[in-house]
Protein chains: 2
Amino acid sequence: MIRDVYLKMCPCRDLLDMVASKWTALAIGALEDGPMRFGELKRRLEGVSQKMLTQTLRTLERDGLVTRTVYPSVPLRVEYELTELGRSVTGPLAALRVWAQTNYESVAEARETFDNAEPVGLEPAISR
Amino acid sequence: MIRDVYLKMCPCRDLLDMVASKWTALAIGALEDGPMRFGELKRRLEGVSQKMLTQTLRTLERDGLVTRTVYPSVPLRVEYELTELGRSVTGPLAALRVWAQTNYESVAEARETFDNAEPVGLEPAISR
DNA sequence: CTGAATCCCTCCGGATACTG
DNA sequence: CAGTATCCGGAGGGATTCAG
């Protein structure tokens with residue numbers, strides 16, 4: 001039985017939203033090469049706040065994409081690692097990251113063209 | 001020159017956020033089979049509001065992923081179609097949609113397990 | 001070191017009404 | 001039919017503080 005993300009009530013749409021959320025693709029990508037500590041992840045995902053990283057990892061753990069292991073040493077040590085399920089989505093997400101990296105120029109160019117061809121003030125640009 | 005989505009200042013991260021936003025994957029997927037009118041898209045993306053669909057399509061147009069063609073008939077007719085650049089991202093996005101559809105069961109199961117095992121405060125030694 | 005808990009403000013996004 | 005324009009509640013997300 002195939003579920004259809006185009007159907008309103010299909011719960012798998014939530015799942016699509018989840019993997020597509022802001023930091024998910026980067027977090028999962030960072031874990032591709034093996035387990036990482038919280039601090040390592042925070043440094044890798046440049047610009048992420050502690051709150052958002054924690055929230056992202058908690059969601060991934062709840063959804064069964066990563067495991068969270070606590071080593072009760074001093075200082076505390078927590079490692080995150082992809083599960084089997086988590087590894088199953090690394091392919092599509094990696095493809096998306098690569099696409100963003102390789103096609104940025106084209107998009108930037110398209111934006112400039114679009115914005116210059118839009119004389120009518122859709123956006124005041126110098127308001128406030 | 002390779003751009004790195006993990007770098008804070010890299011503009012391609014915005015691009016990653018864009019293709020990962022709520023309705024983008026569904027909209028682009030709907031256009032894979034050919035041009036569609038606004039109303040057709042609205043019906044296909046069950047549950048999308050008119051405002052969000054317009055906003056999504058406008059962003060995609062601005063970024064050069066889709067073209068918007070107006071046929072000044074009565075009533076008005078507007079068609080959206082993927083560009084070359086737009087078609088270049090259909091693969092990764094389709095893979096993501098398929099993943100969401102095929103792995104929903106596993107995730108739902110993981111969620112239930114996680115939620116039941118987290119009554120909070122009951123674990124004495126290995127708590128969070 | 002790894003969080004949880006607050007405060008606080010922006011902006012997403014739905015509902016509704018109006019236009020060409 | 002295909003939008004634009006508002007209003008507005010609530011989620012998203014940053015900064016800061018406290019705790020194990």
# chains A, B, ... in the order shown; residues from 1 in each chain; ligands from 1
call {"tool": "residues_around", "arguments": {"residues": "DA2 of chain D", "least_positions_apart": "3", "cutoff": "8 Å", "atoms": "only C-alpha atoms (C1' of nucleotides)", "output": "mmCIF file with N, CA and C atoms, in the first residue's frame"}}
result
data_model
loop_
_atom_site.group_PDB
_atom_site.id
_atom_site.type_symbol
_atom_site.label_atom_id
_atom_site.label_comp_id
_atom_site.auth_asym_id
_atom_site.auth_seq_id
_atom_site.Cartn_x
_atom_site.Cartn_y
_atom_site.Cartn_z
ATOM 1 N N PHE B 38 -3.292 27.268 -12.152
ATOM 2 C CA PHE B 38 -3.315 27.554 -10.720
ATOM 3 C C PHE B 38 -4.344 26.694 -9.990
ATOM 4 N N LEU B 76 -9.562 34.427 -17.131
ATOM 5 C CA LEU B 76 -8.100 34.416 -17.166
ATOM 6 C C LEU B 76 -7.558 32.997 -17.046
ATOM 7 N N ARG B 77 -6.418 32.780 -17.707
ATOM 8 C CA ARG B 77 -5.807 31.457 -17.643
ATOM 9 C C ARG B 77 -4.317 31.621 -17.400
ATOM 10 N N VAL B 78 -3.822 31.004 -16.329
ATOM 11 C CA VAL B 78 -2.406 31.105 -15.986
ATOM 12 C C VAL B 78 -1.824 29.710 -15.847
#
call {"tool": "interface_residues", "arguments": {"of": "chain A", "to": "chain C", "cutoff": "12 Å", "atoms": "only C-alpha atoms (C1' of nucleotides)", "output": "list of chain:residue names"}}
result
A:Arg37, A:Phe38, A:Gly39, A:Glu40, A:Lys42, A:Gln50, A:Lys51, A:Met52, A:Leu53, A:Thr54, A:Gln55, A:Leu57, A:Arg58, A:Arg68, A:Thr69, A:Val70, A:Tyr71, A:Pro72, A:Ser73, A:Val74, A:Pro75, A:Leu76, A:Arg77, A:Val78, A:Glu79
call {"tool": "write_last_selection", "arguments": {"atoms": "N, CA, C and O atoms", "output": "mmCIF file, in the first residue's frame"}}
result
data_model
loop_
_atom_site.group_PDB
_atom_site.id
_atom_site.type_symbol
_atom_site.label_atom_id
_atom_site.label_comp_id
_atom_site.auth_asym_id
_atom_site.auth_seq_id
_atom_site.Cartn_x
_atom_site.Cartn_y
_atom_site.Cartn_z
ATOM 1 N N ARG A 37 29.472 14.123 18.803
ATOM 2 C CA ARG A 37 29.033 14.678 20.073
ATOM 3 C C ARG A 37 28.225 15.935 19.803
ATOM 4 O O ARG A 37 28.301 16.521 18.721
ATOM 5 N N PHE A 38 27.498 16.365 20.822
ATOM 6 C CA PHE A 38 26.667 17.561 20.676
ATOM 7 C C PHE A 38 27.487 18.773 20.245
ATOM 8 O O PHE A 38 27.141 19.482 19.296
ATOM 9 N N GLY A 39 28.575 18.979 20.944
ATOM 10 C CA GLY A 39 29.427 20.122 20.640
ATOM 11 C C GLY A 39 29.998 20.097 19.228
ATOM 12 O O GLY A 39 30.086 21.128 18.562
ATOM 13 N N GLU A 40 30.370 18.921 18.800
ATOM 14 C CA GLU A 40 30.908 18.781 17.444
ATOM 15 C C GLU A 40 29.848 19.184 16.415
ATOM 16 O O GLU A 40 30.127 19.913 15.457
ATOM 17 N N LYS A 42 27.313 21.098 16.907
ATOM 18 C CA LYS A 42 27.033 22.535 17.007
ATOM 19 C C LYS A 42 28.058 23.351 16.217
ATOM 20 O O LYS A 42 27.716 24.324 15.560
ATOM 21 N N GLN A 50 21.862 26.631 20.241
ATOM 22 C CA GLN A 50 21.810 25.432 21.072
ATOM 23 C C GLN A 50 20.379 24.898 21.145
ATOM 24 O O GLN A 50 20.145 23.697 21.075
ATOM 25 N N LYS A 51 19.456 25.806 21.254
ATOM 26 C CA LYS A 51 18.053 25.406 21.358
ATOM 27 C C LYS A 51 17.564 24.660 20.128
ATOM 28 O O LYS A 51 16.949 23.600 20.235
ATOM 29 N N MET A 52 17.855 25.213 18.969
ATOM 30 C CA MET A 52 17.383 24.609 17.727
ATOM 31 C C MET A 52 18.055 23.265 17.472
ATOM 32 O O MET A 52 17.417 22.319 16.997
ATOM 33 N N LEU A 53 19.356 23.161 17.794
ATOM 34 C CA LEU A 53 20.051 21.899 17.580
ATOM 35 C C LEU A 53 19.467 20.813 18.480
ATOM 36 O O LEU A 53 19.198 19.696 18.045
ATOM 37 N N THR A 54 19.264 21.167 19.737
ATOM 38 C CA THR A 54 18.660 20.216 20.675
ATOM 39 C C THR A 54 17.293 19.778 20.176
ATOM 40 O O THR A 54 16.958 18.587 20.147
ATOM 41 N N GLN A 55 16.503 20.731 19.760
ATOM 42 C CA GLN A 55 15.157 20.440 19.279
ATOM 43 C C GLN A 55 15.190 19.537 18.055
ATOM 44 O O GLN A 55 14.421 18.572 17.953
ATOM 45 N N LEU A 57 17.627 17.467 17.101
ATOM 46 C CA LEU A 57 18.105 16.134 17.468
ATOM 47 C C LEU A 57 17.038 15.349 18.231
ATOM 48 O O LEU A 57 16.892 14.134 18.051
ATOM 49 N N ARG A 58 16.283 16.039 19.089
ATOM 50 C CA ARG A 58 15.237 15.360 19.852
ATOM 51 C C ARG A 58 14.171 14.809 18.913
ATOM 52 O O ARG A 58 13.686 13.685 19.075
ATOM 53 N N ARG A 68 20.603 8.379 20.732
ATOM 54 C CA ARG A 68 21.277 9.300 21.642
ATOM 55 C C ARG A 68 21.876 8.465 22.761
ATOM 56 O O ARG A 68 21.157 7.780 23.480
ATOM 57 N N THR A 69 23.204 8.516 22.879
ATOM 58 C CA THR A 69 23.877 7.726 23.901
ATOM 59 C C THR A 69 24.605 8.629 24.884
ATOM 60 O O THR A 69 25.393 9.479 24.487
ATOM 61 N N VAL A 70 24.332 8.408 26.161
ATOM 62 C CA VAL A 70 24.961 9.221 27.205
ATOM 63 C C VAL A 70 26.067 8.435 27.891
ATOM 64 O O VAL A 70 25.841 7.329 28.367
ATOM 65 N N TYR A 71 27.263 9.006 27.916
ATOM 66 C CA TYR A 71 28.372 8.416 28.642
ATOM 67 C C TYR A 71 28.556 9.231 29.916
ATOM 68 O O TYR A 71 29.017 10.378 29.855
ATOM 69 N N PRO A 72 28.154 8.657 31.051
ATOM 70 C CA PRO A 72 28.165 9.407 32.316
ATOM 71 C C PRO A 72 29.560 9.704 32.852
ATOM 72 O O PRO A 72 29.870 9.435 33.997
ATOM 73 N N SER A 73 30.401 10.244 32.005
ATOM 74 C CA SER A 73 31.743 10.621 32.442
ATOM 75 C C SER A 73 31.703 12.064 32.931
ATOM 76 O O SER A 73 30.662 12.687 32.954
ATOM 77 N N VAL A 74 32.872 12.546 33.308
ATOM 78 C CA VAL A 74 32.936 13.952 33.705
ATOM 79 C C VAL A 74 34.059 14.629 32.948
ATOM 80 O O VAL A 74 35.206 14.231 33.090
ATOM 81 N N PRO A 75 33.743 15.584 32.111
ATOM 82 C CA PRO A 75 32.385 16.127 31.908
ATOM 83 C C PRO A 75 31.507 15.178 31.104
ATOM 84 O O PRO A 75 32.007 14.242 30.484
ATOM 85 N N LEU A 76 30.220 15.460 31.114
ATOM 86 C CA LEU A 76 29.244 14.627 30.422
ATOM 87 C C LEU A 76 29.588 14.480 28.943
ATOM 88 O O LEU A 76 30.143 15.398 28.347
ATOM 89 N N ARG A 77 29.265 13.300 28.393
ATOM 90 C CA ARG A 77 29.547 13.064 26.991
ATOM 91 C C ARG A 77 28.329 12.426 26.349
ATOM 92 O O ARG A 77 27.843 11.384 26.784
ATOM 93 N N VAL A 78 27.809 13.070 25.299
ATOM 94 C CA VAL A 78 26.617 12.560 24.613
ATOM 95 C C VAL A 78 26.910 12.413 23.136
ATOM 96 O O VAL A 78 27.394 13.349 22.506
ATOM 97 N N GLU A 79 26.644 11.223 22.612
ATOM 98 C CA GLU A 79 26.883 11.000 21.189
ATOM 99 C C GLU A 79 25.592 10.702 20.434
ATOM 100 O O GLU A 79 24.725 9.993 20.928
#
call {"tool": "interface_residues", "arguments": {"of": "chain D", "to": "chain B", "cutoff": "12 Å", "atoms": "only C-alpha atoms (C1' of nucleotides)", "output": "MDAnalysis selection string"}}
result
chainID D and resid 1:5 20
call {"tool": "write_last_selection", "arguments": {"atoms": "all heavy atoms", "output": "CSV table (one decimal), in the first residue's frame"}}
result
chain,number,residue,atom,x,y,z
D,1,DC,P,-13.0,28.6,-11.4
D,1,DC,OP1,-12.3,27.4,-11.6
D,1,DC,OP2,-13.2,29.2,-10.1
D,1,DC,O5',-12.4,29.8,-12.3
D,1,DC,C5',-11.9,29.3,-13.6
D,1,DC,C4',-10.6,30.2,-13.8
D,1,DC,O4',-11.0,31.6,-13.7
D,1,DC,C3',-9.5,29.9,-12.9
D,1,DC,O3',-8.2,30.0,-13.6
D,1,DC,C2',-9.6,31.1,-11.9
D,1,DC,C1',-10.2,32.2,-12.7
D,1,DC,N1,-11.1,33.1,-11.9
D,1,DC,C2,-10.8,34.4,-11.8
D,1,DC,O2,-9.8,34.9,-12.5
D,1,DC,N3,-11.6,35.2,-11.1
D,1,DC,C4,-12.7,34.7,-10.5
D,1,DC,N4,-13.4,35.5,-9.8
D,1,DC,C5,-13.0,33.3,-10.5
D,1,DC,C6,-12.1,32.5,-11.2
D,2,DA,P,-6.9,29.5,-12.9
D,2,DA,OP1,-6.0,29.1,-14.0
D,2,DA,OP2,-7.2,28.6,-11.8
D,2,DA,O5',-6.2,30.9,-12.3
D,2,DA,C5',-5.9,31.9,-13.2
D,2,DA,C4',-5.4,33.1,-12.4
D,2,DA,O4',-6.6,33.8,-11.8
D,2,DA,C3',-4.4,32.9,-11.3
D,2,DA,O3',-3.4,33.8,-11.3
D,2,DA,C2',-5.3,33.0,-10.0
D,2,DA,C1',-6.3,34.1,-10.5
D,2,DA,N9,-7.5,34.1,-9.7
D,2,DA,C8,-8.2,33.1,-9.2
D,2,DA,N7,-9.3,33.5,-8.5
D,2,DA,C5,-9.3,34.9,-8.6
D,2,DA,C6,-10.1,35.9,-8.0
D,2,DA,N6,-11.2,35.6,-7.3
D,2,DA,N1,-9.8,37.1,-8.3
D,2,DA,C2,-8.7,37.4,-9.0
D,2,DA,N3,-7.8,36.5,-9.6
D,2,DA,C4,-8.2,35.3,-9.3
D,3,DG,P,-2.0,33.5,-10.4
D,3,DG,OP1,-1.1,34.6,-10.7
D,3,DG,OP2,-1.7,32.1,-10.8
D,3,DG,O5',-2.5,33.5,-8.9
D,3,DG,C5',-2.0,34.6,-8.1
D,3,DG,C4',-2.8,35.9,-8.4
D,3,DG,O4',-4.2,35.5,-8.3
D,3,DG,C3',-2.5,36.9,-7.3
D,3,DG,O3',-1.5,37.8,-7.7
D,3,DG,C2',-3.9,37.6,-7.2
D,3,DG,C1',-4.9,36.7,-7.8
D,3,DG,N9,-5.9,36.2,-6.9
D,3,DG,C8,-6.2,34.9,-6.6
D,3,DG,N7,-7.2,34.8,-5.8
D,3,DG,C5,-7.6,36.1,-5.6
D,3,DG,C6,-8.7,36.6,-4.8
D,3,DG,O6,-9.5,36.0,-4.0
D,3,DG,N1,-8.7,38.0,-4.8
D,3,DG,C2,-7.9,38.8,-5.6
D,3,DG,N2,-8.1,40.1,-5.5
D,3,DG,N3,-6.9,38.4,-6.3
D,3,DG,C4,-6.8,37.0,-6.3
D,4,DT,P,-0.5,38.4,-6.6
D,4,DT,OP1,0.6,39.0,-7.3
D,4,DT,OP2,-0.3,37.4,-5.6
D,4,DT,O5',-1.4,39.6,-5.9
D,4,DT,C5',-1.8,40.7,-6.7
D,4,DT,C4',-2.6,41.6,-5.8
D,4,DT,O4',-3.9,41.0,-5.4
D,4,DT,C3',-1.9,42.1,-4.6
D,4,DT,O3',-2.1,43.5,-4.4
D,4,DT,C2',-2.6,41.2,-3.5
D,4,DT,C1',-4.0,41.1,-4.0
D,4,DT,N1,-4.7,39.9,-3.5
D,4,DT,C2,-5.8,40.0,-2.8
D,4,DT,O2,-6.3,41.1,-2.5
D,4,DT,N3,-6.4,38.8,-2.4
D,4,DT,C4,-5.9,37.5,-2.6
D,4,DT,O4,-6.5,36.5,-2.2
D,4,DT,C5,-4.7,37.5,-3.4
D,4,DT,C7,-4.1,36.1,-3.7
D,4,DT,C6,-4.1,38.6,-3.8
D,5,DA,P,-1.4,44.2,-3.1
D,5,DA,OP1,-1.2,45.6,-3.5
D,5,DA,OP2,-0.2,43.4,-2.7
D,5,DA,O5',-2.5,44.1,-2.0
D,5,DA,C5',-3.8,44.7,-2.2
D,5,DA,C4',-4.6,44.8,-0.9
D,5,DA,O4',-5.2,43.5,-0.6
D,5,DA,C3',-3.7,45.1,0.3
D,5,DA,O3',-4.4,45.9,1.2
D,5,DA,C2',-3.5,43.7,1.0
D,5,DA,C1',-4.8,43.0,0.6
D,5,DA,N9,-4.7,41.5,0.6
D,5,DA,C8,-3.8,40.8,-0.1
D,5,DA,N7,-4.0,39.5,0.0
D,5,DA,C5,-5.1,39.4,0.8
D,5,DA,C6,-5.9,38.3,1.2
D,5,DA,N6,-5.5,37.0,0.9
D,5,DA,N1,-7.0,38.5,2.0
D,5,DA,C2,-7.3,39.8,2.2
D,5,DA,N3,-6.7,40.9,1.9
D,5,DA,C4,-5.6,40.6,1.1
D,20,DG,P,20.1,20.2,39.5
D,20,DG,OP1,18.8,20.1,40.3
D,20,DG,OP2,21.4,20.6,40.1
D,20,DG,O5',20.3,18.8,38.7
D,20,DG,C5',20.0,18.6,37.4
D,20,DG,C4',20.9,17.6,36.7
D,20,DG,O4',21.9,18.2,35.9
D,20,DG,C3',21.7,16.7,37.7
D,20,DG,O3',21.9,15.5,37.1
D,20,DG,C2',23.0,17.5,37.8
D,20,DG,C1',23.2,17.9,36.4
D,20,DG,N9,24.0,19.2,36.2
D,20,DG,C8,24.0,20.3,37.1
D,20,DG,N7,24.8,21.2,36.6
D,20,DG,C5,25.3,20.7,35.4
D,20,DG,C6,26.2,21.3,34.5
D,20,DG,O6,26.8,22.4,34.5
D,20,DG,N1,26.4,20.4,33.4
D,20,DG,C2,25.9,19.2,33.3
D,20,DG,N2,26.2,18.5,32.2
D,20,DG,N3,25.1,18.6,34.1
D,20,DG,C4,24.8,19.5,35.2
call {"tool": "residues_around", "arguments": {"residues": "Pro35 of chain B", "least_positions_apart": "4", "cutoff": "9 Å", "atoms": "only C-alpha atoms (C1' of nucleotides)", "output": "NGL selection string"}}
result
:B and (31 or 79-82)
call {"tool": "write_last_selection", "arguments": {"atoms": "C-alpha atoms", "output": "tab-separated table (two decimals), in the first residue's frame"}}
result
chain	number	residue	atom	x	y	z
B	31	LEU	CA	4.57	19.98	-12.23
B	79	GLU	CA	-0.09	28.17	-16.46
B	80	TYR	CA	2.98	27.16	-14.48
B	81	GLU	CA	5.71	25.00	-15.95
B	82	LEU	CA	9.07	23.70	-14.76
call {"tool": "interface_residues", "arguments": {"of": "chain A", "to": "chain B", "cutoff": "7 Å", "atoms": "only C-alpha atoms", "output": "number ranges by chain"}}
result
A: 2-8, 12, 15-17, 20-22, 44-47, 62-64, 89, 92, 95-97, 99-101, 104, 107, 110-111, 114
call {"tool": "calpha_fit_rmsd", "arguments": {"fixed": "chain B", "moving": "chain A"}}
result
4.5 Å
call {"tool": "atom_distance", "arguments": {"atom1": "atom C1' of DT17 of chain D", "atom2": "atom CA of Ser49 of chain A"}}
result
15.0 Å
call {"tool": "atom_distance", "arguments": {"atom1": "atom CA of Met36 of chain A", "atom2": "atom CA of Thr83 of chain A"}}
result
13.1 Å
call {"tool": "atom_distance", "arguments": {"atom1": "atom CA of Ile28 of chain B", "atom2": "atom CA of Arg87 of chain B"}}
result
8.3 Å
call {"tool": "select_by_dssp", "arguments": {"residues": "chain A", "states": "alpha helix (DSSP H)", "output": "PyMOL selection string"}}
result
chain A and resi 12-19+24-30+38-44+50-62+84-87+90-102+104-116
call {"tool": "select_by_dssp", "arguments": {"residues": "chain B", "states": "strand (DSSP E or B)", "output": "list of chain:residue names"}}
result
B:Met36, B:Arg37, B:Val66, B:Thr67, B:Arg68, B:Thr69, B:Val70, B:Tyr71, B:Arg77, B:Val78, B:Glu79, B:Tyr80, B:Glu81, B:Leu82
call {"tool": "write_last_selection", "arguments": {"atoms": "N, CA, C and O atoms", "output": "PDB file, in the first residue's frame"}}
result
ATOM      1  N   MET B  36       0.691  23.145 -15.465  1.00  0.00           N
ATOM      2  CA  MET B  36      -0.587  23.081 -14.760  1.00  0.00           C
ATOM      3  C   MET B  36      -1.098  24.476 -14.481  1.00  0.00           C
ATOM      4  O   MET B  36      -0.321  25.415 -14.312  1.00  0.00           O
ATOM      5  N   ARG B  37      -2.427  24.589 -14.422  1.00  0.00           N
ATOM      6  CA  ARG B  37      -3.046  25.865 -14.089  1.00  0.00           C
ATOM      7  C   ARG B  37      -3.066  26.028 -12.584  1.00  0.00           C
ATOM      8  O   ARG B  37      -2.907  25.059 -11.846  1.00  0.00           O
ATOM      9  N   VAL B  66      10.400  27.725 -12.108  1.00  0.00           N
ATOM     10  CA  VAL B  66       9.187  27.582 -12.917  1.00  0.00           C
ATOM     11  C   VAL B  66       8.937  28.851 -13.729  1.00  0.00           C
ATOM     12  O   VAL B  66       9.424  29.929 -13.387  1.00  0.00           O
ATOM     13  N   THR B  67       8.181  28.701 -14.803  1.00  0.00           N
ATOM     14  CA  THR B  67       7.769  29.868 -15.576  1.00  0.00           C
ATOM     15  C   THR B  67       6.276  30.070 -15.363  1.00  0.00           C
ATOM     16  O   THR B  67       5.548  29.113 -15.114  1.00  0.00           O
ATOM     17  N   ARG B  68       5.866  31.309 -15.460  1.00  0.00           N
ATOM     18  CA  ARG B  68       4.457  31.650 -15.267  1.00  0.00           C
ATOM     19  C   ARG B  68       3.966  32.299 -16.551  1.00  0.00           C
ATOM     20  O   ARG B  68       4.478  33.346 -16.960  1.00  0.00           O
ATOM     21  N   THR B  69       2.998  31.672 -17.192  1.00  0.00           N
ATOM     22  CA  THR B  69       2.490  32.186 -18.456  1.00  0.00           C
ATOM     23  C   THR B  69       1.020  32.573 -18.336  1.00  0.00           C
ATOM     24  O   THR B  69       0.197  31.765 -17.917  1.00  0.00           O
ATOM     25  N   VAL B  70       0.724  33.803 -18.716  1.00  0.00           N
ATOM     26  CA  VAL B  70      -0.655  34.291 -18.634  1.00  0.00           C
ATOM     27  C   VAL B  70      -1.298  34.310 -20.014  1.00  0.00           C
ATOM     28  O   VAL B  70      -0.752  34.891 -20.944  1.00  0.00           O
ATOM     29  N   TYR B  71      -2.436  33.643 -20.148  1.00  0.00           N
ATOM     30  CA  TYR B  71      -3.202  33.677 -21.381  1.00  0.00           C
ATOM     31  C   TYR B  71      -4.390  34.597 -21.145  1.00  0.00           C
ATOM     32  O   TYR B  71      -5.310  34.246 -20.403  1.00  0.00           O
ATOM     33  N   ARG B  77      -6.418  32.780 -17.707  1.00  0.00           N
ATOM     34  CA  ARG B  77      -5.807  31.457 -17.643  1.00  0.00           C
ATOM     35  C   ARG B  77      -4.317  31.621 -17.400  1.00  0.00           C
ATOM     36  O   ARG B  77      -3.625  32.303 -18.160  1.00  0.00           O
ATOM     37  N   VAL B  78      -3.822  31.004 -16.329  1.00  0.00           N
ATOM     38  CA  VAL B  78      -2.406  31.105 -15.986  1.00  0.00           C
ATOM     39  C   VAL B  78      -1.824  29.710 -15.847  1.00  0.00           C
ATOM     40  O   VAL B  78      -2.370  28.873 -15.133  1.00  0.00           O
ATOM     41  N   GLU B  79      -0.716  29.487 -16.545  1.00  0.00           N
ATOM     42  CA  GLU B  79      -0.089  28.175 -16.462  1.00  0.00           C
ATOM     43  C   GLU B  79       1.312  28.249 -15.873  1.00  0.00           C
ATOM     44  O   GLU B  79       2.078  29.177 -16.158  1.00  0.00           O
ATOM     45  N   TYR B  80       1.646  27.257 -15.079  1.00  0.00           N
ATOM     46  CA  TYR B  80       2.977  27.160 -14.478  1.00  0.00           C
ATOM     47  C   TYR B  80       3.681  25.942 -15.055  1.00  0.00           C
ATOM     48  O   TYR B  80       3.078  24.886 -15.238  1.00  0.00           O
ATOM     49  N   GLU B  81       4.964  26.107 -15.347  1.00  0.00           N
ATOM     50  CA  GLU B  81       5.714  25.005 -15.951  1.00  0.00           C
ATOM     51  C   GLU B  81       7.147  24.994 -15.421  1.00  0.00           C
ATOM     52  O   GLU B  81       7.748  26.050 -15.199  1.00  0.00           O
ATOM     53  N   LEU B  82       7.692  23.811 -15.242  1.00  0.00           N
ATOM     54  CA  LEU B  82       9.069  23.702 -14.763  1.00  0.00           C
ATOM     55  C   LEU B  82      10.051  24.175 -15.828  1.00  0.00           C
ATOM     56  O   LEU B  82       9.861  23.943 -17.012  1.00  0.00           O
TER      57      LEU B  82
END
